[in-house]
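Visitor: Sharing upload-v5.pdb (PDB, N, CA and C atoms) below.
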MODEL        1
ATOM      1  N   MET A 823      42.421 -27.439  -5.287  1.00  0.00           N
ATOM      2  CA  MET A 823      41.543 -26.351  -5.639  1.00  0.00           C
ATOM      3  C   MET A 823      41.722 -25.205  -4.642  1.00  0.00           C
ATOM      4  N   ARG A 824      41.820 -25.553  -3.403  1.00  0.00           N
ATOM      5  CA  ARG A 824      41.966 -24.532  -2.379  1.00  0.00           C
ATOM      6  C   ARG A 824      43.317 -23.821  -2.513  1.00  0.00           C
ATOM      7  N   ARG A 825      44.341 -24.555  -2.834  1.00  0.00           N
ATOM      8  CA  ARG A 825      45.675 -23.947  -2.975  1.00  0.00           C
ATOM      9  C   ARG A 825      45.697 -22.969  -4.135  1.00  0.00           C
ATOM     10  N   LEU A 826      45.005 -23.297  -5.197  1.00  0.00           N
ATOM     11  CA  LEU A 826      44.955 -22.413  -6.354  1.00  0.00           C
ATOM     12  C   LEU A 826      44.322 -21.077  -5.964  1.00  0.00           C
ATOM     13  N   ALA A 827      43.275 -21.127  -5.180  1.00  0.00           N
ATOM     14  CA  ALA A 827      42.611 -19.909  -4.743  1.00  0.00           C
ATOM     15  C   ALA A 827      43.515 -19.094  -3.833  1.00  0.00           C
ATOM     16  N   GLN A 828      44.337 -19.754  -3.060  1.00  0.00           N
ATOM     17  CA  GLN A 828      45.221 -19.033  -2.146  1.00  0.00           C
ATOM     18  C   GLN A 828      46.378 -18.379  -2.897  1.00  0.00           C
ATOM     19  N   ARG A 829      46.778 -18.946  -3.998  1.00  0.00           N
ATOM     20  CA  ARG A 829      47.923 -18.419  -4.738  1.00  0.00           C
ATOM     21  C   ARG A 829      47.571 -17.189  -5.565  1.00  0.00           C
ATOM     22  N   THR A 830      46.338 -17.072  -5.964  1.00  0.00           N
ATOM     23  CA  THR A 830      45.978 -15.929  -6.805  1.00  0.00           C
ATOM     24  C   THR A 830      45.979 -14.658  -5.971  1.00  0.00           C
ATOM     25  N   ALA A 831      46.359 -13.592  -6.583  1.00  0.00           N
ATOM     26  CA  ALA A 831      46.410 -12.304  -5.879  1.00  0.00           C
ATOM     27  C   ALA A 831      44.986 -11.792  -5.670  1.00  0.00           C
ATOM     28  N   PRO A 832      44.712 -11.167  -4.536  1.00  0.00           N
ATOM     29  CA  PRO A 832      43.371 -10.616  -4.300  1.00  0.00           C
ATOM     30  C   PRO A 832      43.104  -9.462  -5.253  1.00  0.00           C
ATOM     31  N   ARG A 833      41.872  -9.324  -5.634  1.00  0.00           N
ATOM     32  CA  ARG A 833      41.498  -8.244  -6.543  1.00  0.00           C
ATOM     33  C   ARG A 833      41.428  -6.931  -5.777  1.00  0.00           C
ATOM     34  N   ALA A 834      41.729  -5.871  -6.475  1.00  0.00           N
ATOM     35  CA  ALA A 834      41.661  -4.551  -5.852  1.00  0.00           C
ATOM     36  C   ALA A 834      40.203  -4.181  -5.573  1.00  0.00           C
ATOM     37  N   HIS A 835      39.329  -4.505  -6.503  1.00  0.00           N
ATOM     38  CA  HIS A 835      37.906  -4.219  -6.355  1.00  0.00           C
ATOM     39  C   HIS A 835      37.148  -5.523  -6.545  1.00  0.00           C
ATOM     40  N   PRO A 836      36.451  -5.977  -5.512  1.00  0.00           N
ATOM     41  CA  PRO A 836      35.703  -7.229  -5.669  1.00  0.00           C
ATOM     42  C   PRO A 836      34.571  -7.072  -6.688  1.00  0.00           C
ATOM     43  N   ALA A 837      34.201  -8.170  -7.279  1.00  0.00           N
ATOM     44  CA  ALA A 837      33.129  -8.154  -8.273  1.00  0.00           C
ATOM     45  C   ALA A 837      31.819  -7.770  -7.588  1.00  0.00           C
ATOM     46  N   PRO A 838      30.960  -7.035  -8.278  1.00  0.00           N
ATOM     47  CA  PRO A 838      29.677  -6.658  -7.667  1.00  0.00           C
ATOM     48  C   PRO A 838      28.827  -7.893  -7.384  1.00  0.00           C
ATOM     49  N   VAL A 839      28.142  -7.850  -6.254  1.00  0.00           N
ATOM     50  CA  VAL A 839      27.328  -8.975  -5.842  1.00  0.00           C
ATOM     51  C   VAL A 839      25.994  -8.965  -6.588  1.00  0.00           C
ATOM     52  N   VAL A 840      25.466  -7.775  -6.839  1.00  0.00           N
ATOM     53  CA  VAL A 840      24.162  -7.638  -7.483  1.00  0.00           C
ATOM     54  C   VAL A 840      24.363  -7.513  -8.987  1.00  0.00           C
ATOM     55  N   GLY A 841      23.596  -8.267  -9.737  1.00  0.00           N
ATOM     56  CA  GLY A 841      23.677  -8.190 -11.187  1.00  0.00           C
ATOM     57  C   GLY A 841      22.851  -7.044 -11.721  1.00  0.00           C
ATOM     58  N   ALA A 842      22.870  -6.892 -13.021  1.00  0.00           N
ATOM     59  CA  ALA A 842      22.081  -5.832 -13.652  1.00  0.00           C
ATOM     60  C   ALA A 842      20.595  -6.157 -13.513  1.00  0.00           C
ATOM     61  N   ARG A 843      19.792  -5.120 -13.345  1.00  0.00           N
ATOM     62  CA  ARG A 843      18.350  -5.327 -13.203  1.00  0.00           C
ATOM     63  C   ARG A 843      17.696  -5.355 -14.571  1.00  0.00           C
ATOM     64  N   ARG A 844      16.730  -6.223 -14.680  1.00  0.00           N
ATOM     65  CA  ARG A 844      15.972  -6.306 -15.918  1.00  0.00           C
ATOM     66  C   ARG A 844      14.855  -5.260 -15.897  1.00  0.00           C
ATOM     67  N   PRO A 845      14.477  -4.767 -17.058  1.00  0.00           N
ATOM     68  CA  PRO A 845      13.369  -3.799 -17.108  1.00  0.00           C
ATOM     69  C   PRO A 845      12.074  -4.385 -16.554  1.00  0.00           C
ATOM     70  N   GLU A 846      11.848  -5.694 -16.779  1.00  0.00           N
ATOM     71  CA  GLU A 846      10.637  -6.331 -16.265  1.00  0.00           C
ATOM     72  C   GLU A 846      10.597  -6.276 -14.743  1.00  0.00           C
ATOM     73  N   THR A 847      11.752  -6.449 -14.122  1.00  0.00           N
ATOM     74  CA  THR A 847      11.834  -6.410 -12.667  1.00  0.00           C
ATOM     75  C   THR A 847      11.507  -5.012 -12.156  1.00  0.00           C
ATOM     76  N   GLN A 848      12.012  -4.005 -12.848  1.00  0.00           N
ATOM     77  CA  GLN A 848      11.736  -2.624 -12.439  1.00  0.00           C
ATOM     78  C   GLN A 848      10.251  -2.299 -12.578  1.00  0.00           C
ATOM     79  N   ILE A 849       9.637  -2.780 -13.642  1.00  0.00           N
ATOM     80  CA  ILE A 849       8.205  -2.541 -13.849  1.00  0.00           C
ATOM     81  C   ILE A 849       7.396  -3.243 -12.762  1.00  0.00           C
ATOM     82  N   LYS A 850       7.779  -4.477 -12.474  1.00  0.00           N
ATOM     83  CA  LYS A 850       7.077  -5.240 -11.436  1.00  0.00           C
ATOM     84  C   LYS A 850       7.220  -4.547 -10.085  1.00  0.00           C
ATOM     85  N   ARG A 851       8.404  -4.071  -9.778  1.00  0.00           N
ATOM     86  CA  ARG A 851       8.639  -3.388  -8.504  1.00  0.00           C
ATOM     87  C   ARG A 851       7.810  -2.106  -8.406  1.00  0.00           C
ATOM     88  N   ALA A 852       7.730  -1.360  -9.506  1.00  0.00           N
ATOM     89  CA  ALA A 852       6.938  -0.129  -9.510  1.00  0.00           C
ATOM     90  C   ALA A 852       5.456  -0.446  -9.309  1.00  0.00           C
ATOM     91  N   ARG A 853       4.984  -1.524  -9.956  1.00  0.00           N
ATOM     92  CA  ARG A 853       3.577  -1.918  -9.807  1.00  0.00           C
ATOM     93  C   ARG A 853       3.285  -2.336  -8.370  1.00  0.00           C
ATOM     94  N   GLU A 854       4.190  -3.099  -7.778  1.00  0.00           N
ATOM     95  CA  GLU A 854       4.001  -3.519  -6.384  1.00  0.00           C
ATOM     96  C   GLU A 854       3.999  -2.320  -5.445  1.00  0.00           C
ATOM     97  N   GLN A 855       4.879  -1.357  -5.706  1.00  0.00           N
ATOM     98  CA  GLN A 855       4.935  -0.152  -4.876  1.00  0.00           C
ATOM     99  C   GLN A 855       3.634   0.639  -4.990  1.00  0.00           C
ATOM    100  N   ALA A 856       3.100   0.753  -6.207  1.00  0.00           N
ATOM    101  CA  ALA A 856       1.843   1.479  -6.410  1.00  0.00           C
ATOM    102  C   ALA A 856       0.696   0.790  -5.673  1.00  0.00           C
ATOM    103  N   LEU A 857       0.645  -0.539  -5.738  1.00  0.00           N
ATOM    104  CA  LEU A 857      -0.404  -1.275  -5.027  1.00  0.00           C
ATOM    105  C   LEU A 857      -0.264  -1.110  -3.520  1.00  0.00           C
ATOM    106  N   ARG A 858       0.970  -1.138  -3.031  1.00  0.00           N
ATOM    107  CA  ARG A 858       1.209  -0.969  -1.590  1.00  0.00           C
ATOM    108  C   ARG A 858       0.729   0.408  -1.135  1.00  0.00           C
ATOM    109  N   GLU A 859       1.044   1.439  -1.929  1.00  0.00           N
ATOM    110  CA  GLU A 859       0.612   2.794  -1.582  1.00  0.00           C
ATOM    111  C   GLU A 859      -0.907   2.916  -1.629  1.00  0.00           C
ATOM    112  N   LYS A 860      -1.534   2.259  -2.593  1.00  0.00           N
ATOM    113  CA  LYS A 860      -2.990   2.290  -2.698  1.00  0.00           C
ATOM    114  C   LYS A 860      -3.620   1.645  -1.473  1.00  0.00           C
ATOM    115  N   ARG A 861      -3.083   0.496  -1.036  1.00  0.00           N
ATOM    116  CA  ARG A 861      -3.600  -0.170   0.170  1.00  0.00           C
ATOM    117  C   ARG A 861      -3.428   0.707   1.393  1.00  0.00           C
ATOM    118  N   GLU A 862      -2.280   1.394   1.489  1.00  0.00           N
ATOM    119  CA  GLU A 862      -2.037   2.274   2.636  1.00  0.00           C
ATOM    120  C   GLU A 862      -3.031   3.437   2.653  1.00  0.00           C
ATOM    121  N   ARG A 863      -3.294   4.037   1.484  1.00  0.00           N
ATOM    122  CA  ARG A 863      -4.266   5.143   1.423  1.00  0.00           C
ATOM    123  C   ARG A 863      -5.656   4.654   1.808  1.00  0.00           C
ATOM    124  N   LYS A 864      -6.016   3.483   1.332  1.00  0.00           N
ATOM    125  CA  LYS A 864      -7.330   2.929   1.652  1.00  0.00           C
ATOM    126  C   LYS A 864      -7.452   2.676   3.149  1.00  0.00           C
ATOM    127  N   GLN A 865      -6.396   2.136   3.761  1.00  0.00           N
ATOM    128  CA  GLN A 865      -6.430   1.878   5.193  1.00  0.00           C
ATOM    129  C   GLN A 865      -6.504   3.178   5.984  1.00  0.00           C
ATOM    130  N   GLU A 866      -5.807   4.220   5.515  1.00  0.00           N
ATOM    131  CA  GLU A 866      -5.877   5.519   6.188  1.00  0.00           C
ATOM    132  C   GLU A 866      -7.301   6.076   6.146  1.00  0.00           C
ATOM    133  N   LYS A 867      -7.974   5.921   5.001  1.00  0.00           N
ATOM    134  CA  LYS A 867      -9.359   6.386   4.897  1.00  0.00           C
ATOM    135  C   LYS A 867     -10.260   5.616   5.854  1.00  0.00           C
ATOM    136  N   LYS A 868     -10.061   4.298   5.924  1.00  0.00           N
ATOM    137  CA  LYS A 868     -10.875   3.487   6.829  1.00  0.00           C
ATOM    138  C   LYS A 868     -10.647   3.904   8.277  1.00  0.00           C
ATOM    139  N   ASP A 869      -9.387   4.143   8.635  1.00  0.00           N
ATOM    140  CA  ASP A 869      -9.074   4.563   9.997  1.00  0.00           C
ATOM    141  C   ASP A 869      -9.703   5.914  10.315  1.00  0.00           C
ATOM    142  N   ALA A 870      -9.671   6.824   9.340  1.00  0.00           N
ATOM    143  CA  ALA A 870     -10.258   8.151   9.562  1.00  0.00           C
ATOM    144  C   ALA A 870     -11.767   8.045   9.755  1.00  0.00           C
ATOM    145  N   ARG A 871     -12.422   7.205   8.951  1.00  0.00           N
ATOM    146  CA  ARG A 871     -13.869   7.026   9.110  1.00  0.00           C
ATOM    147  C   ARG A 871     -14.198   6.393  10.451  1.00  0.00           C
ATOM    148  N   ALA A 872     -13.400   5.422  10.871  1.00  0.00           N
ATOM    149  CA  ALA A 872     -13.644   4.771  12.164  1.00  0.00           C
ATOM    150  C   ALA A 872     -13.463   5.766  13.301  1.00  0.00           C
ATOM    151  N   ALA A 873     -12.450   6.613  13.198  1.00  0.00           N
ATOM    152  CA  ALA A 873     -12.223   7.621  14.231  1.00  0.00           C
ATOM    153  C   ALA A 873     -13.371   8.626  14.271  1.00  0.00           C
ATOM    154  N   ALA A 874     -13.891   8.984  13.091  1.00  0.00           N
ATOM    155  CA  ALA A 874     -15.014   9.922  13.034  1.00  0.00           C
ATOM    156  C   ALA A 874     -16.254   9.302  13.672  1.00  0.00           C
ATOM    157  N   ARG A 875     -16.496   8.029  13.378  1.00  0.00           N
ATOM    158  CA  ARG A 875     -17.653   7.356  13.988  1.00  0.00           C
ATOM    159  C   ARG A 875     -17.483   7.269  15.498  1.00  0.00           C
ATOM    160  N   ALA A 876     -16.274   6.985  15.948  1.00  0.00           N
ATOM    161  CA  ALA A 876     -16.024   6.875  17.386  1.00  0.00           C
ATOM    162  C   ALA A 876     -16.212   8.224  18.080  1.00  0.00           C
ATOM    163  N   ALA A 877     -15.934   9.309  17.349  1.00  0.00           N
ATOM    164  CA  ALA A 877     -16.089  10.651  17.911  1.00  0.00           C
ATOM    165  C   ALA A 877     -17.531  11.133  17.830  1.00  0.00           C
ATOM    166  N   GLY A 878     -18.391  10.357  17.181  1.00  0.00           N
ATOM    167  CA  GLY A 878     -19.801  10.725  17.103  1.00  0.00           C
ATOM    168  C   GLY A 878     -20.148  11.619  15.944  1.00  0.00           C
ATOM    169  N   GLU A 879     -19.248  11.768  14.980  1.00  0.00           N
ATOM    170  CA  GLU A 879     -19.528  12.598  13.819  1.00  0.00           C
ATOM    171  C   GLU A 879     -20.389  11.823  12.832  1.00  0.00           C
ATOM    172  N   THR A 880     -21.102  12.571  11.980  1.00  0.00           N
ATOM    173  CA  THR A 880     -21.936  11.919  10.971  1.00  0.00           C
ATOM    174  C   THR A 880     -21.070  11.479   9.803  1.00  0.00           C
ATOM    175  N   PRO A 881     -21.440  10.389   9.162  1.00  0.00           N
ATOM    176  CA  PRO A 881     -20.663   9.926   8.003  1.00  0.00           C
ATOM    177  C   PRO A 881     -20.703  10.940   6.869  1.00  0.00           C
ATOM    178  N   ALA A 882     -19.698  10.908   6.024  1.00  0.00           N
ATOM    179  CA  ALA A 882     -19.590  11.874   4.928  1.00  0.00           C
ATOM    180  C   ALA A 882     -20.750  11.758   3.965  1.00  0.00           C
ATOM    181  N   TRP A 883     -21.253  10.552   3.719  1.00  0.00           N
ATOM    182  CA  TRP A 883     -22.343  10.412   2.756  1.00  0.00           C
ATOM    183  C   TRP A 883     -23.619  11.068   3.256  1.00  0.00           C
ATOM    184  N   GLU A 884     -23.803  11.195   4.561  1.00  0.00           N
ATOM    185  CA  GLU A 884     -24.970  11.905   5.090  1.00  0.00           C
ATOM    186  C   GLU A 884     -24.791  13.405   4.929  1.00  0.00           C
ATOM    187  N   GLU A 885     -23.586  13.885   5.142  1.00  0.00           N
ATOM    188  CA  GLU A 885     -23.319  15.313   5.039  1.00  0.00           C
ATOM    189  C   GLU A 885     -23.465  15.794   3.607  1.00  0.00           C
ATOM    190  N   GLU A 886     -23.066  14.963   2.646  1.00  0.00           N
ATOM    191  CA  GLU A 886     -23.118  15.366   1.255  1.00  0.00           C
ATOM    192  C   GLU A 886     -24.495  15.166   0.645  1.00  0.00           C
ATOM    193  N   GLY A 887     -25.410  14.534   1.379  1.00  0.00           N
ATOM    194  CA  GLY A 887     -26.742  14.292   0.848  1.00  0.00           C
ATOM    195  C   GLY A 887     -26.754  13.178  -0.174  1.00  0.00           C
ATOM    196  N   ALA A 888     -25.822  12.288  -0.095  1.00  0.00           N
ATOM    197  CA  ALA A 888     -25.724  11.196  -1.065  1.00  0.00           C
ATOM    198  C   ALA A 888     -26.202   9.884  -0.458  1.00  0.00           C
ATOM    199  N   ALA A 889     -27.237   9.928   0.360  1.00  0.00           N
ATOM    200  CA  ALA A 889     -27.741   8.710   0.984  1.00  0.00           C
ATOM    201  C   ALA A 889     -28.280   7.744  -0.057  1.00  0.00           C
ATOM    202  N   HIS A 890     -28.772   8.262  -1.178  1.00  0.00           N
ATOM    203  CA  HIS A 890     -29.281   7.370  -2.223  1.00  0.00           C
ATOM    204  C   HIS A 890     -28.163   6.581  -2.897  1.00  0.00           C
ATOM    205  N   GLU A 891     -26.906   7.053  -2.786  1.00  0.00           N
ATOM    206  CA  GLU A 891     -25.765   6.353  -3.376  1.00  0.00           C
ATOM    207  C   GLU A 891     -25.146   5.354  -2.410  1.00  0.00           C
ATOM    208  N   ALA A 892     -25.457   5.445  -1.152  1.00  0.00           N
ATOM    209  CA  ALA A 892     -24.888   4.537  -0.165  1.00  0.00           C
ATOM    210  C   ALA A 892     -25.622   3.203  -0.214  1.00  0.00           C
ATOM    211  N   PRO A 893     -24.928   2.118   0.118  1.00  0.00           N
ATOM    212  CA  PRO A 893     -25.602   0.815   0.157  1.00  0.00           C
ATOM    213  C   PRO A 893     -26.710   0.817   1.202  1.00  0.00           C
ATOM    214  N   PRO A 894     -27.808   0.118   0.959  1.00  0.00           N
ATOM    215  CA  PRO A 894     -28.957   0.142   1.869  1.00  0.00           C
ATOM    216  C   PRO A 894     -28.618  -0.256   3.301  1.00  0.00           C
ATOM    217  N   GLU A 895     -27.669  -1.155   3.473  1.00  0.00           N
ATOM    218  CA  GLU A 895     -27.349  -1.573   4.846  1.00  0.00           C
ATOM    219  C   GLU A 895     -26.628  -0.489   5.636  1.00  0.00           C
ATOM    220  N   LEU A 896     -26.088   0.520   4.947  1.00  0.00           N
ATOM    221  CA  LEU A 896     -25.403   1.604   5.639  1.00  0.00           C
ATOM    222  C   LEU A 896     -26.316   2.778   5.956  1.00  0.00           C
ATOM    223  N   VAL A 897     -27.420   2.888   5.246  1.00  0.00           N
ATOM    224  CA  VAL A 897     -28.326   4.018   5.452  1.00  0.00           C
ATOM    225  C   VAL A 897     -29.291   3.688   6.583  1.00  0.00           C
ATOM    226  N   PRO A 898     -29.266   4.460   7.661  1.00  0.00           N
ATOM    227  CA  PRO A 898     -30.186   4.183   8.763  1.00  0.00           C
ATOM    228  C   PRO A 898     -31.611   4.544   8.368  1.00  0.00           C
ATOM    229  N   GLU A 899     -32.544   3.776   8.873  1.00  0.00           N
ATOM    230  CA  GLU A 899     -33.944   4.058   8.585  1.00  0.00           C
ATOM    231  C   GLU A 899     -34.389   5.249   9.428  1.00  0.00           C
ATOM    232  N   THR A 900     -35.094   6.133   8.798  1.00  0.00           N
ATOM    233  CA  THR A 900     -35.581   7.312   9.505  1.00  0.00           C
ATOM    234  C   THR A 900     -37.035   7.076   9.873  1.00  0.00           C
ATOM    235  N   THR A 901     -37.387   7.453  11.045  1.00  0.00           N
ATOM    236  CA  THR A 901     -38.767   7.322  11.500  1.00  0.00           C
ATOM    237  C   THR A 901     -39.318   8.713  11.744  1.00  0.00           C
ATOM    238  N   SER A 902     -40.492   8.967  11.228  1.00  0.00           N
ATOM    239  CA  SER A 902     -41.099  10.267  11.458  1.00  0.00           C
ATOM    240  C   SER A 902     -42.069  10.138  12.624  1.00  0.00           C
ATOM    241  N   ASP A 903     -41.891  10.951  13.614  1.00  0.00           N
ATOM    242  CA  ASP A 903     -42.730  10.892  14.824  1.00  0.00           C
ATOM    243  C   ASP A 903     -43.830  11.909  14.760  1.00  0.00           C
TER     244      ASP A 903
ENDMDL
END
Would you mind writing the file out in structure tokens?
Guide:
Amino acid sequence: MRRLAQRTAPRAHPAPVVGARRPETQIKRAREQALREKRERKQEKKDARAAARAAGETPAWEEEGAAHEAPPELVPETTSD
């Protein structure tokens, strides 16, 4: 078997290693890429909010007056003196 392989002439252009891609694979890859980008955007927003809190800025929901839309555990209780 080995001798047979040695006797054949080498090809000018080797056969491609990668086969043709299926449309399903391309769709799956696009979906995974979209999810990855969505996770990255979400993480960037979280990092920006954390940096704002660390800098002492007020949260966006307080600035917009949307405290009624925020979850109760996030809304600080106000005390009137």
Visitor: As an exercise, work out the distance from CA of Lys867 in chain A to atom C of Lys850 in chain A in Å and give it to one decimal place.
Guide: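 Computing it gives 24.9 Å between the two atoms.
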Visitor: Between CA of Lys868 in chain A and atom C of Thr880 in chain A, what is the distance in Å, rounded to a tenth?
Guide: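 Pair CA of Lys868 in chain A / atom C of Thr880 in chain A returns 13.3 Å.
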Visitor: Mind giving me the straight-line distance from CA of Ala856 in chain A to atom C of Ala870 in chain A in Å, one decimal?
Guide: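 Atom-to-atom, CA of Ala856 in chain A and atom C of Ala870 in chain A are spaced 22.1 Å apart.
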